[in-house]
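All remarks here apply to the structure that follows.
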Amino acid sequence: MISFAKKIISVLVFTLILVNQSFSQVPGSLFLLPDNFYSQMLNPSFMRHDNAIQFSIPGVAGFYASNYGNFKISDIILVDENRNPYIDVGHFYGKARENNNIGQNIWVPGFFIGIPVHNGRITAYYKENLQSHVAFRINPVDFLVNGNVGPEYTSFNTENLGLTLFGYKEFAVGYALKYSNKLDVGARVKLLYSGLAVDLKNWNYQINTSPGGDEVHLQTGGSGSMYLPVSIAITEKGQFDGIYNEDYKRQYLSSFDNPGLAIDLGLNYKPGPKHSVSLALRDFGAAWFRDRAYNLEQRGDLNFTGFDITDATRYPGRLSYIYPWDVMEDLKDSIREVFLPFVDTVSFRQSLPFQVGFNYRFDASPRLTFGVANQSVIRKNHFQNLTSFTVMQNRTNFNFFESINLYGFNEINFGGGFQYEGAYGQVFMAVNNILALYHPAGQKTFSIMAGGSFLINREKVEISKKKKTSAGASGRKRSNGKFLDYLPFYKIINN
Amino acid sequence: MKNVQILLIALVSLFAASCKTDEFKISEISLKGDWTVPLITPMLKGNMEFKDLVYDWDDNLVATPGEKMTVLRYPDGTVKSIPTRIIFDPSAVIDSFYFLIKGEYDFVEMGFKYIVSNGSPFPLNFQMEFFDRATPSVLGPPVLPSPFAKGDFSGAVPNPVTSERFVPLNSAQIRNFMDSDRIRITTWYDKNSYIDSHDTLKSNYPVDISVILVGKIKADY
């Protein structure tokens, strides 16, 4: 078993070497709590092994939020002596790298229910998801600092700008089966309904200024795809000109267009009484867009030499006289059209980032557990990985855990959290970067999960309150397992 | 257990504190006060001819009896007789030209760079005045560079001469420019000895003008 653990750790270390880009996955410590309803959403083979019905409702179910990137929010937004926030581009210019990226993930479960069935458990949930990711080179920041004055700044190109926005509802039904005394397996089917999808690839803007400054060449390029749940304005030339002023929030929440499908698979294997290994393959699927789905293409090109006053002089016989207002309007439209992408109705597919979660658990004692969790995400051409090493203390109603989280070999964070489970409910909070609890803007990566659920029909065994406790050698009362005086003592019956 | 209680309270407190440490509303964010971006951009251009900058031809032209006249010869051979004085008197050749510079930004330093290729036999004066947007009939302080050199008429074929000028704007002129959306352009030529020996002038001596805006822009956000 020890050699097996060594092999696991070797694979994880090798994986870390491959990664040079940070990504904030869920707090890996949760994989040590298979009865936690969020971890059951992460691995379909995780389940409670009692007869309790577990459910949660909006507001109580909590949320998951993460921020990841290779720069901090506080690299851009600072506060002055009166704590007023301001954007400092020059400060960011000193911190930015050649390639920069930042992204956020947010989950908000709407409801969750887990019901015991013969030899297993059925779970179902509804969750709102929102993902965003921006990637850019230092060039735009360079322009915002240095402008286009001076021979060294006459040629500007943002190069590749990337933007991904994806918001969708997730309706999931899963079944976890106790296959044997050593093996639990699970599968989940998820129906997806998108509220927002924008994917811009290789978006770029170029500004080339002549040495004398009398000519500026504007060029735009790039392609992408877009779905919005609202009507969009399209010009006569077929260019995207904004959205109509509709109640976007309501449209987003009530959008059931463009369904998609995804599946999750999982297993939880216990080769021995103290060891277990779990594996989850998540989000293997995609959303297909047909309604209000557009292809975007930028291909603007304009040589700007200023407002032309030649034909604005009044000279009898000059047939080419143009009213100055028309000159201005025509030029304004020409400049504007450079930055408006052409749209074309099209069908496209947006794949979910495929995720692999692997966890190894070692129960050193009933009160002490160690775990190693590795989470990998395959997002387009990027491979992102997070490894978490967790120590968990198990008390009667509480679990406390502390973790070290490695993002490749570039970043290390310290996390932690707790879970409380009583007769009627479960509450938890987990973070993978403790410092983010105090100063999230000062962290490149952090994630936090918190939520609560209700329990019905949870079996319990109450021990007589007359049981005496014996004093230890120190003279202090040895705990009888009670955490707080007013909470009864519960013992979980394992099936 | 007591330590665990303390740890739990500390975690919750930290979380609550983060709401204070990094709390701000999107609407409260401003841009750093001294952040500016150097920019250079063309503003006006014109491939004009001599006659375009002589007079506002939309106005009636009345010659005083007995005053000196000059003949303008057009490329098609036709001629037009004009009072000589109008060549050297200021004329608002464009009395109201709309331009668009509106936006959430201010100029903290600004000037105009002129590149003029003058093929006429006289130095050219090119004056700009900006109308105040709020009070449309009010003009701000004029922006007038020194005269642009005349063409080279020393050879058999006259050649245009290109000259550059840079005129920095003072704060009043910058403010006037930012508060404006229309421009008046007034031009006139400087008199020299060429007019004394030439009664006939070509109407189409080329005069190419480019006005470039150079400055430091600051977002007013």
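Here's how to read the names in the structure tokens: chain A, B, ... by the order shown, residue numbers from 1 in each chain, ligand numbers from 1 in the order shown.
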
Practice problem: Taking only C-alpha atoms into account, report as a PyMOL selection string which residues of chain A lie within 8 Å of chain B. | Solution: chain A and resi 84-90+143-149+213-216+304-310+312-316+324-325+328+332+436-441+483

List as a PDB file with all heavy atoms, in the first residue's frame the protein and nucleic acid residues near region 147-156 of chain B, meaning an atom at most 7 Å away when only C-alpha atoms are counted, but skip any in the same chain fewer than 2 places from it.
ATOM      1  N   VAL B 116       1.963  71.935 -44.076  1.00  0.00           N
ATOM      2  CA  VAL B 116       1.329  72.619 -45.210  1.00  0.00           C
ATOM      3  C   VAL B 116       2.277  72.624 -46.390  1.00  0.00           C
ATOM      4  O   VAL B 116       3.435  73.030 -46.272  1.00  0.00           O
ATOM      5  CB  VAL B 116       0.963  74.071 -44.818  1.00  0.00           C
ATOM      6  CG1 VAL B 116       0.448  74.849 -46.030  1.00  0.00           C
ATOM      7  CG2 VAL B 116      -0.073  74.065 -43.714  1.00  0.00           C
ATOM      8  N   ASN B 118       2.550  74.459 -49.720  1.00  0.00           N
ATOM      9  CA  ASN B 118       1.967  75.646 -50.351  1.00  0.00           C
ATOM     10  C   ASN B 118       2.573  75.858 -51.722  1.00  0.00           C
ATOM     11  O   ASN B 118       3.778  76.104 -51.855  1.00  0.00           O
ATOM     12  CB  ASN B 118       2.224  76.863 -49.441  1.00  0.00           C
ATOM     13  CG  ASN B 118       1.554  78.129 -49.948  1.00  0.00           C
ATOM     14  OD1 ASN B 118       0.792  78.103 -50.921  1.00  0.00           O
ATOM     15  ND2 ASN B 118       1.824  79.241 -49.287  1.00  0.00           N
ATOM     16  N   GLY B 119       1.740  75.759 -52.741  1.00  0.00           N
ATOM     17  CA  GLY B 119       2.223  75.964 -54.115  1.00  0.00           C
ATOM     18  C   GLY B 119       1.879  77.330 -54.665  1.00  0.00           C
ATOM     19  O   GLY B 119       2.110  77.608 -55.849  1.00  0.00           O
ATOM     20  N   SER B 120       1.306  78.204 -53.806  1.00  0.00           N
ATOM     21  CA  SER B 120       0.917  79.546 -54.283  1.00  0.00           C
ATOM     22  C   SER B 120       2.086  80.510 -54.115  1.00  0.00           C
ATOM     23  O   SER B 120       3.025  80.226 -53.373  1.00  0.00           O
ATOM     24  CB  SER B 120      -0.292  80.044 -53.499  1.00  0.00           C
ATOM     25  OG  SER B 120       0.096  80.469 -52.197  1.00  0.00           O
ATOM     26  N   PRO B 121       2.002  81.656 -54.762  1.00  0.00           N
ATOM     27  CA  PRO B 121       3.136  82.593 -54.683  1.00  0.00           C
ATOM     28  C   PRO B 121       3.150  83.430 -53.413  1.00  0.00           C
ATOM     29  O   PRO B 121       4.018  84.299 -53.263  1.00  0.00           O
ATOM     30  CB  PRO B 121       2.959  83.474 -55.932  1.00  0.00           C
ATOM     31  CG  PRO B 121       1.519  83.370 -56.281  1.00  0.00           C
ATOM     32  CD  PRO B 121       1.036  82.051 -55.788  1.00  0.00           C
ATOM     33  N   PHE B 122       2.193  83.193 -52.481  1.00  0.00           N
ATOM     34  CA  PHE B 122       2.109  84.033 -51.289  1.00  0.00           C
ATOM     35  C   PHE B 122       2.131  83.159 -50.035  1.00  0.00           C
ATOM     36  O   PHE B 122       1.558  82.060 -50.023  1.00  0.00           O
ATOM     37  CB  PHE B 122       0.822  84.869 -51.288  1.00  0.00           C
ATOM     38  CG  PHE B 122       0.551  85.575 -52.582  1.00  0.00           C
ATOM     39  CD1 PHE B 122      -0.436  85.127 -53.451  1.00  0.00           C
ATOM     40  CD2 PHE B 122       1.293  86.701 -52.949  1.00  0.00           C
ATOM     41  CE1 PHE B 122      -0.690  85.771 -54.646  1.00  0.00           C
ATOM     42  CE2 PHE B 122       1.046  87.348 -54.150  1.00  0.00           C
ATOM     43  CZ  PHE B 122       0.058  86.879 -55.007  1.00  0.00           C
ATOM     44  N   PRO B 123       2.743  83.639 -48.937  1.00  0.00           N
ATOM     45  CA  PRO B 123       2.646  82.898 -47.667  1.00  0.00           C
ATOM     46  C   PRO B 123       1.192  82.800 -47.234  1.00  0.00           C
ATOM     47  O   PRO B 123       0.406  83.732 -47.425  1.00  0.00           O
ATOM     48  CB  PRO B 123       3.474  83.753 -46.697  1.00  0.00           C
ATOM     49  CG  PRO B 123       4.374  84.578 -47.570  1.00  0.00           C
ATOM     50  CD  PRO B 123       3.605  84.836 -48.820  1.00  0.00           C
ATOM     51  N   LEU B 124       0.853  81.678 -46.625  1.00  0.00           N
ATOM     52  CA  LEU B 124      -0.539  81.395 -46.246  1.00  0.00           C
ATOM     53  C   LEU B 124      -0.716  81.518 -44.745  1.00  0.00           C
ATOM     54  O   LEU B 124       0.093  80.996 -43.970  1.00  0.00           O
ATOM     55  CB  LEU B 124      -0.917  79.979 -46.688  1.00  0.00           C
ATOM     56  CG  LEU B 124      -2.270  79.456 -46.189  1.00  0.00           C
ATOM     57  CD1 LEU B 124      -3.419  80.223 -46.834  1.00  0.00           C
ATOM     58  CD2 LEU B 124      -2.403  77.966 -46.447  1.00  0.00           C
ATOM     59  N   ASN B 125      -1.790  82.161 -44.340  1.00  0.00           N
ATOM     60  CA  ASN B 125      -2.209  82.194 -42.941  1.00  0.00           C
ATOM     61  C   ASN B 125      -3.441  81.318 -42.772  1.00  0.00           C
ATOM     62  O   ASN B 125      -4.384  81.395 -43.569  1.00  0.00           O
ATOM     63  CB  ASN B 125      -2.551  83.629 -42.511  1.00  0.00           C
ATOM     64  CG  ASN B 125      -1.336  84.525 -42.519  1.00  0.00           C
ATOM     65  OD1 ASN B 125      -0.567  84.569 -41.560  1.00  0.00           O
ATOM     66  ND2 ASN B 125      -1.144  85.242 -43.631  1.00  0.00           N
ATOM     67  N   PRO B 145      -0.981  79.805 -36.327  1.00  0.00           N
ATOM     68  CA  PRO B 145       0.466  79.634 -36.469  1.00  0.00           C
ATOM     69  C   PRO B 145       1.044  80.753 -37.329  1.00  0.00           C
ATOM     70  O   PRO B 145       0.301  81.494 -37.998  1.00  0.00           O
ATOM     71  CB  PRO B 145       0.582  78.276 -37.164  1.00  0.00           C
ATOM     72  CG  PRO B 145      -0.691  78.121 -37.907  1.00  0.00           C
ATOM     73  CD  PRO B 145      -1.732  78.871 -37.164  1.00  0.00           C
ATOM     74  N   PRO B 158       6.935  76.352 -61.031  1.00  0.00           N
ATOM     75  CA  PRO B 158       6.829  76.589 -59.587  1.00  0.00           C
ATOM     76  C   PRO B 158       6.702  75.258 -58.833  1.00  0.00           C
ATOM     77  O   PRO B 158       6.076  74.315 -59.323  1.00  0.00           O
ATOM     78  CB  PRO B 158       5.551  77.418 -59.420  1.00  0.00           C
ATOM     79  CG  PRO B 158       4.968  77.603 -60.763  1.00  0.00           C
ATOM     80  CD  PRO B 158       5.752  76.868 -61.770  1.00  0.00           C
ATOM     81  N   ASN B 159       7.321  75.221 -57.661  1.00  0.00           N
ATOM     82  CA  ASN B 159       7.238  74.025 -56.827  1.00  0.00           C
ATOM     83  C   ASN B 159       6.665  74.372 -55.469  1.00  0.00           C
ATOM     84  O   ASN B 159       7.039  75.392 -54.883  1.00  0.00           O
ATOM     85  CB  ASN B 159       8.627  73.408 -56.622  1.00  0.00           C
ATOM     86  CG  ASN B 159       9.119  72.714 -57.867  1.00  0.00           C
ATOM     87  OD1 ASN B 159       8.400  71.927 -58.474  1.00  0.00           O
ATOM     88  ND2 ASN B 159      10.338  73.036 -58.288  1.00  0.00           N
ATOM     89  N   PRO B 160       5.773  73.525 -54.970  1.00  0.00           N
ATOM     90  CA  PRO B 160       5.242  73.776 -53.614  1.00  0.00           C
ATOM     91  C   PRO B 160       6.350  73.620 -52.587  1.00  0.00           C
ATOM     92  O   PRO B 160       7.283  72.824 -52.774  1.00  0.00           O
ATOM     93  CB  PRO B 160       4.172  72.689 -53.437  1.00  0.00           C
ATOM     94  CG  PRO B 160       3.867  72.192 -54.804  1.00  0.00           C
ATOM     95  CD  PRO B 160       5.109  72.375 -55.605  1.00  0.00           C
ATOM     96  N   VAL B 161       6.225  74.390 -51.525  1.00  0.00           N
ATOM     97  CA  VAL B 161       7.167  74.295 -50.416  1.00  0.00           C
ATOM     98  C   VAL B 161       6.399  73.801 -49.182  1.00  0.00           C
ATOM     99  O   VAL B 161       5.328  74.330 -48.861  1.00  0.00           O
ATOM    100  CB  VAL B 161       7.815  75.668 -50.136  1.00  0.00           C
ATOM    101  CG1 VAL B 161       8.580  75.646 -48.826  1.00  0.00           C
ATOM    102  CG2 VAL B 161       8.720  76.064 -51.296  1.00  0.00           C
ATOM    103  N   SER B 163       6.106  73.273 -45.198  1.00  0.00           N
ATOM    104  CA  SER B 163       6.592  73.791 -43.922  1.00  0.00           C
ATOM    105  C   SER B 163       5.737  73.223 -42.796  1.00  0.00           C
ATOM    106  O   SER B 163       4.566  72.899 -42.979  1.00  0.00           O
ATOM    107  CB  SER B 163       6.597  75.316 -43.910  1.00  0.00           C
ATOM    108  OG  SER B 163       5.420  75.856 -44.468  1.00  0.00           O
TER     109      SER B 163
END

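Considering the residues A:Glu297, A:Asp326, A:Asp264, A:Asp311 and counting only C-alpha atoms, Gln40 (chain A) has its shortest atom-to-atom contact with A:Asp264.
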
Self-check item: DSSP helix (DSSP H, G or I) residues within region 226-431 of chain A, listed as a ChimeraX atom specification
Solution: /A:248-253,310-312,324-338

What does the file look like for those residues with N, CA, C and O atoms, as a compact mmCIF listing (two decimals), in the first residue's frame?
# COMPACT_ATOMS: atom_id res chain seq x y z
N TYR A 248 -32.12 42.31 -19.39
CA TYR A 248 -31.16 41.25 -19.65
C TYR A 248 -31.14 40.21 -18.55
O TYR A 248 -31.03 39.00 -18.82
N LYS A 249 -31.25 40.66 -17.32
CA LYS A 249 -31.17 39.72 -16.19
C LYS A 249 -32.31 38.72 -16.27
O LYS A 249 -32.13 37.51 -16.11
N ARG A 250 -33.52 39.22 -16.51
CA ARG A 250 -34.69 38.33 -16.57
C ARG A 250 -34.54 37.38 -17.76
O ARG A 250 -34.85 36.20 -17.66
N GLN A 251 -34.09 37.92 -18.88
CA GLN A 251 -33.92 37.08 -20.08
C GLN A 251 -32.89 35.98 -19.82
O GLN A 251 -33.05 34.84 -20.25
N TYR A 252 -31.82 36.33 -19.10
CA TYR A 252 -30.77 35.34 -18.82
C TYR A 252 -31.32 34.22 -17.95
O TYR A 252 -31.11 33.03 -18.23
N LEU A 253 -32.04 34.59 -16.91
CA LEU A 253 -32.52 33.59 -15.96
C LEU A 253 -33.64 32.73 -16.55
O LEU A 253 -33.84 31.60 -16.14
N THR A 310 -11.65 69.59 -47.85
CA THR A 310 -11.50 70.01 -49.25
C THR A 310 -12.83 70.40 -49.86
O THR A 310 -12.99 71.47 -50.45
N ASP A 311 -13.80 69.49 -49.69
CA ASP A 311 -15.08 69.74 -50.36
C ASP A 311 -16.03 70.55 -49.50
O ASP A 311 -17.20 70.70 -49.86
N ALA A 312 -15.55 71.04 -48.39
CA ALA A 312 -16.42 71.85 -47.53
C ALA A 312 -16.28 73.33 -47.83
O ALA A 312 -17.04 74.13 -47.30
N PRO A 324 -20.41 70.07 -44.32
CA PRO A 324 -19.47 69.62 -43.29
C PRO A 324 -20.07 68.59 -42.34
O PRO A 324 -19.39 67.66 -41.91
N TRP A 325 -21.36 68.74 -42.00
CA TRP A 325 -21.98 67.78 -41.09
C TRP A 325 -21.94 66.37 -41.70
O TRP A 325 -21.67 65.39 -41.01
N ASP A 326 -22.22 66.31 -43.02
CA ASP A 326 -22.19 65.01 -43.69
C ASP A 326 -20.78 64.43 -43.71
O ASP A 326 -20.60 63.22 -43.59
N VAL A 327 -19.79 65.32 -43.88
CA VAL A 327 -18.39 64.85 -43.87
C VAL A 327 -18.08 64.20 -42.52
O VAL A 327 -17.49 63.11 -42.45
N MET A 328 -18.49 64.88 -41.48
CA MET A 328 -18.19 64.39 -40.14
C MET A 328 -18.92 63.07 -39.88
O MET A 328 -18.34 62.13 -39.36
N GLU A 329 -20.19 63.02 -40.24
CA GLU A 329 -20.98 61.82 -39.98
C GLU A 329 -20.42 60.62 -40.75
O GLU A 329 -20.35 59.51 -40.22
N ASP A 330 -20.07 60.86 -42.02
CA ASP A 330 -19.53 59.77 -42.84
C ASP A 330 -18.24 59.23 -42.23
O ASP A 330 -18.03 58.01 -42.16
N LEU A 331 -17.38 60.13 -41.78
CA LEU A 331 -16.10 59.68 -41.22
C LEU A 331 -16.31 58.98 -39.88
O LEU A 331 -15.68 57.97 -39.58
N LYS A 332 -17.22 59.52 -39.09
CA LYS A 332 -17.52 58.90 -37.79
C LYS A 332 -18.02 57.48 -38.02
O LYS A 332 -17.62 56.55 -37.33
N ASP A 333 -18.91 57.30 -38.99
CA ASP A 333 -19.42 55.96 -39.28
C ASP A 333 -18.31 55.04 -39.77
O ASP A 333 -18.27 53.86 -39.41
N SER A 334 -17.43 55.57 -40.59
CA SER A 334 -16.32 54.75 -41.11
C SER A 334 -15.43 54.26 -39.98
O SER A 334 -15.01 53.10 -39.96
N ILE A 335 -15.12 55.15 -39.04
CA ILE A 335 -14.26 54.75 -37.92
C ILE A 335 -14.99 53.72 -37.05
O ILE A 335 -14.42 52.72 -36.62
N ARG A 336 -16.25 53.98 -36.83
CA ARG A 336 -17.04 53.07 -35.98
C ARG A 336 -17.12 51.67 -36.60
O ARG A 336 -17.03 50.66 -35.90
N GLU A 337 -17.29 51.63 -37.91
CA GLU A 337 -17.45 50.34 -38.59
C GLU A 337 -16.18 49.49 -38.52
O GLU A 337 -16.26 48.28 -38.63
N VAL A 338 -15.04 50.12 -38.32
CA VAL A 338 -13.80 49.35 -38.19
C VAL A 338 -13.89 48.40 -36.99
O VAL A 338 -13.37 47.29 -37.01

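Minimum atom-to-atom distances from A:Asn374, A:Thr123, A:Asn100, A:Gln443 to Ala187 (chain A) were compared using only C-alpha atoms, and the lowest value belongs to A:Thr123.
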
Exercise. Mind giving me the straight-line distance from CA of Lys270 (chain A) to CA of Asn394 (chain A) in Å, one decimal?
Key: 18.9 Å

Quiz item: Can you list, as a list of chain:residue names, every protein, DNA or RNA residue that comes within 8 Å of Phe240 (chain A) when you count only C-alpha atoms, leaving out same-chain residues fewer than 5 positions away?
Solution: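 My list of contacting residues is A:Ile232, A:Ala233, A:Ile234, A:Thr235, A:Leu340, A:Pro341, A:Phe342, A:Val343.
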
Neighbours of Val372 (chain A) within 10 Å (only C-alpha atoms; same-chain residues fewer than 3 positions away dropped), as a CSV table (one decimal) with N, CA, C and O atoms, in the first residue's frame?
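And here is the file that came out, result-v5.csv:
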chain,number,residue,atom,x,y,z
A,5,ALA,N,1.0,4.3,-2.7
A,5,ALA,CA,1.0,5.7,-2.4
A,5,ALA,C,2.1,6.5,-3.0
A,5,ALA,O,2.0,7.6,-3.5
A,8,ILE,N,1.4,7.1,-6.6
A,8,ILE,CA,0.5,8.1,-6.8
A,8,ILE,C,1.2,9.5,-6.7
A,8,ILE,O,1.0,10.4,-7.5
A,9,ILE,N,2.0,9.6,-5.7
A,9,ILE,CA,2.6,10.9,-5.4
A,9,ILE,C,3.6,11.2,-6.6
A,9,ILE,O,3.7,12.4,-7.0
A,12,LEU,N,1.7,12.6,-9.4
A,12,LEU,CA,1.2,14.0,-9.2
A,12,LEU,C,2.4,15.0,-9.3
A,12,LEU,O,2.2,16.1,-9.9
A,28,GLY,N,-9.6,21.2,-2.8
A,28,GLY,CA,-9.4,19.8,-2.9
A,28,GLY,C,-9.7,19.0,-1.7
A,28,GLY,O,-10.0,17.8,-1.7
A,29,SER,N,-9.8,19.7,-0.5
A,29,SER,CA,-10.1,19.1,0.8
A,29,SER,C,-11.4,18.4,0.8
A,29,SER,O,-11.7,17.5,1.5
A,31,PHE,N,-12.8,16.5,-1.2
A,31,PHE,CA,-12.8,15.2,-1.7
A,31,PHE,C,-12.7,14.2,-0.5
A,31,PHE,O,-12.9,13.0,-0.7
A,32,LEU,N,-12.3,14.7,0.7
A,32,LEU,CA,-12.2,13.8,1.8
A,32,LEU,C,-13.6,13.7,2.5
A,32,LEU,O,-13.7,13.0,3.6
A,277,VAL,N,-9.3,5.4,-2.8
A,277,VAL,CA,-8.9,6.2,-4.0
A,277,VAL,C,-10.2,6.6,-4.7
A,277,VAL,O,-11.1,5.7,-4.9
A,358,PHE,N,-8.9,13.4,-9.0
A,358,PHE,CA,-8.3,12.2,-8.4
A,358,PHE,C,-8.0,12.5,-6.9
A,358,PHE,O,-7.5,13.5,-6.6
A,359,ASN,N,-8.4,11.5,-6.1
A,359,ASN,CA,-8.1,11.7,-4.7
A,359,ASN,C,-7.7,10.4,-4.0
A,359,ASN,O,-8.2,9.4,-4.3
A,360,TYR,N,-6.7,10.6,-3.1
A,360,TYR,CA,-6.2,9.4,-2.3
A,360,TYR,C,-6.4,9.8,-0.9
A,360,TYR,O,-6.1,10.9,-0.4
A,361,ARG,N,-7.0,8.9,-0.1
A,361,ARG,CA,-7.3,9.1,1.3
A,361,ARG,C,-6.7,8.1,2.2
A,361,ARG,O,-6.7,6.9,1.9
A,362,PHE,N,-6.1,8.5,3.3
A,362,PHE,CA,-5.5,7.6,4.2
A,362,PHE,C,-6.1,8.0,5.6
A,362,PHE,O,-5.8,9.1,6.1
A,387,THR,N,-3.0,20.6,-7.2
A,387,THR,CA,-2.8,19.5,-6.3
A,387,THR,C,-3.0,20.0,-4.8
A,387,THR,O,-2.4,21.0,-4.5
A,388,SER,N,-3.7,19.3,-4.0
A,388,SER,CA,-4.0,19.7,-2.7
A,388,SER,C,-3.6,18.6,-1.7
A,388,SER,O,-3.9,17.4,-1.9
A,389,PHE,N,-2.8,18.9,-0.7
A,389,PHE,CA,-2.5,18.0,0.4
A,389,PHE,C,-3.2,18.4,1.6
A,389,PHE,O,-3.1,19.6,2.1
A,390,THR,N,-4.0,17.5,2.2
A,390,THR,CA,-4.9,17.9,3.3
A,390,THR,C,-4.7,17.0,4.5
A,390,THR,O,-4.5,15.8,4.4
A,391,VAL,N,-4.8,17.7,5.6
A,391,VAL,CA,-4.9,17.0,6.9
A,391,VAL,C,-6.2,17.3,7.5
A,391,VAL,O,-6.6,18.5,7.6
A,403,SER,N,-5.0,22.6,4.4
A,403,SER,CA,-4.5,22.1,3.1
A,403,SER,C,-3.3,23.0,2.6
A,403,SER,O,-3.3,24.2,2.9
A,404,ILE,N,-2.5,22.3,1.9
A,404,ILE,CA,-1.5,23.0,1.0
A,404,ILE,C,-1.9,22.8,-0.4
A,404,ILE,O,-2.1,21.6,-0.8
A,405,ASN,N,-2.0,23.9,-1.2
A,405,ASN,CA,-2.4,23.7,-2.6
A,405,ASN,C,-1.3,24.2,-3.5
A,405,ASN,O,-0.8,25.3,-3.4

Shell around Val71 (chain B) at 7 Å using only C-alpha atoms, local window under 5 positions removed, as a PDB file with N, CA and C atoms, in the first residue's frame:
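part_34.pdb, freshly written:
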ATOM      1  N   VAL B  79     -11.683  82.562 -67.177  1.00  0.00           N
ATOM      2  CA  VAL B  79     -11.079  83.509 -66.248  1.00  0.00           C
ATOM      3  C   VAL B  79     -12.157  84.144 -65.402  1.00  0.00           C
ATOM      4  N   LYS B  80     -11.715  84.649 -64.240  1.00  0.00           N
ATOM      5  CA  LYS B  80     -12.634  85.361 -63.365  1.00  0.00           C
ATOM      6  C   LYS B  80     -11.869  86.519 -62.763  1.00  0.00           C
ATOM      7  N   SER B  81     -12.445  87.697 -62.824  1.00  0.00           N
ATOM      8  CA  SER B  81     -11.795  88.888 -62.295  1.00  0.00           C
ATOM      9  C   SER B  81     -12.280  89.131 -60.873  1.00  0.00           C
ATOM     10  N   ILE B  82     -11.311  89.309 -59.963  1.00  0.00           N
ATOM     11  CA  ILE B  82     -11.673  89.507 -58.555  1.00  0.00           C
ATOM     12  C   ILE B  82     -10.908  90.704 -58.009  1.00  0.00           C
ATOM     13  N   ASP B 199      -0.719  90.349 -62.803  1.00  0.00           N
ATOM     14  CA  ASP B 199      -2.157  90.644 -62.733  1.00  0.00           C
ATOM     15  C   ASP B 199      -2.995  89.378 -62.832  1.00  0.00           C
ATOM     16  N   THR B 200      -2.388  88.323 -63.364  1.00  0.00           N
ATOM     17  CA  THR B 200      -3.117  87.073 -63.558  1.00  0.00           C
ATOM     18  C   THR B 200      -2.471  85.981 -62.714  1.00  0.00           C
ATOM     19  N   LEU B 201      -3.315  85.282 -62.017  1.00  0.00           N
ATOM     20  CA  LEU B 201      -2.842  84.176 -61.181  1.00  0.00           C
ATOM     21  C   LEU B 201      -3.591  82.907 -61.571  1.00  0.00           C
TER      22      LEU B 201
END

Quiz item: If you run DSSP on this backbone, which residues of region 21-220 of chain B come out as strand (DSSP E), and could you give them as a ChimeraX atom specification?
Solution: /B:30-31,37-49,69-73,79-83,91-98,105-118,124-132,161-168,180-189,200-202,206-219

Exercise. Please measure the separation of CA of Asn60 (chain B) and CA of Lys191 (chain B), giving the value in Å to one decimal.
Key: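 Result for CA of Asn60 (chain B) versus CA of Lys191 (chain B): 23.0 Å, one decimal.
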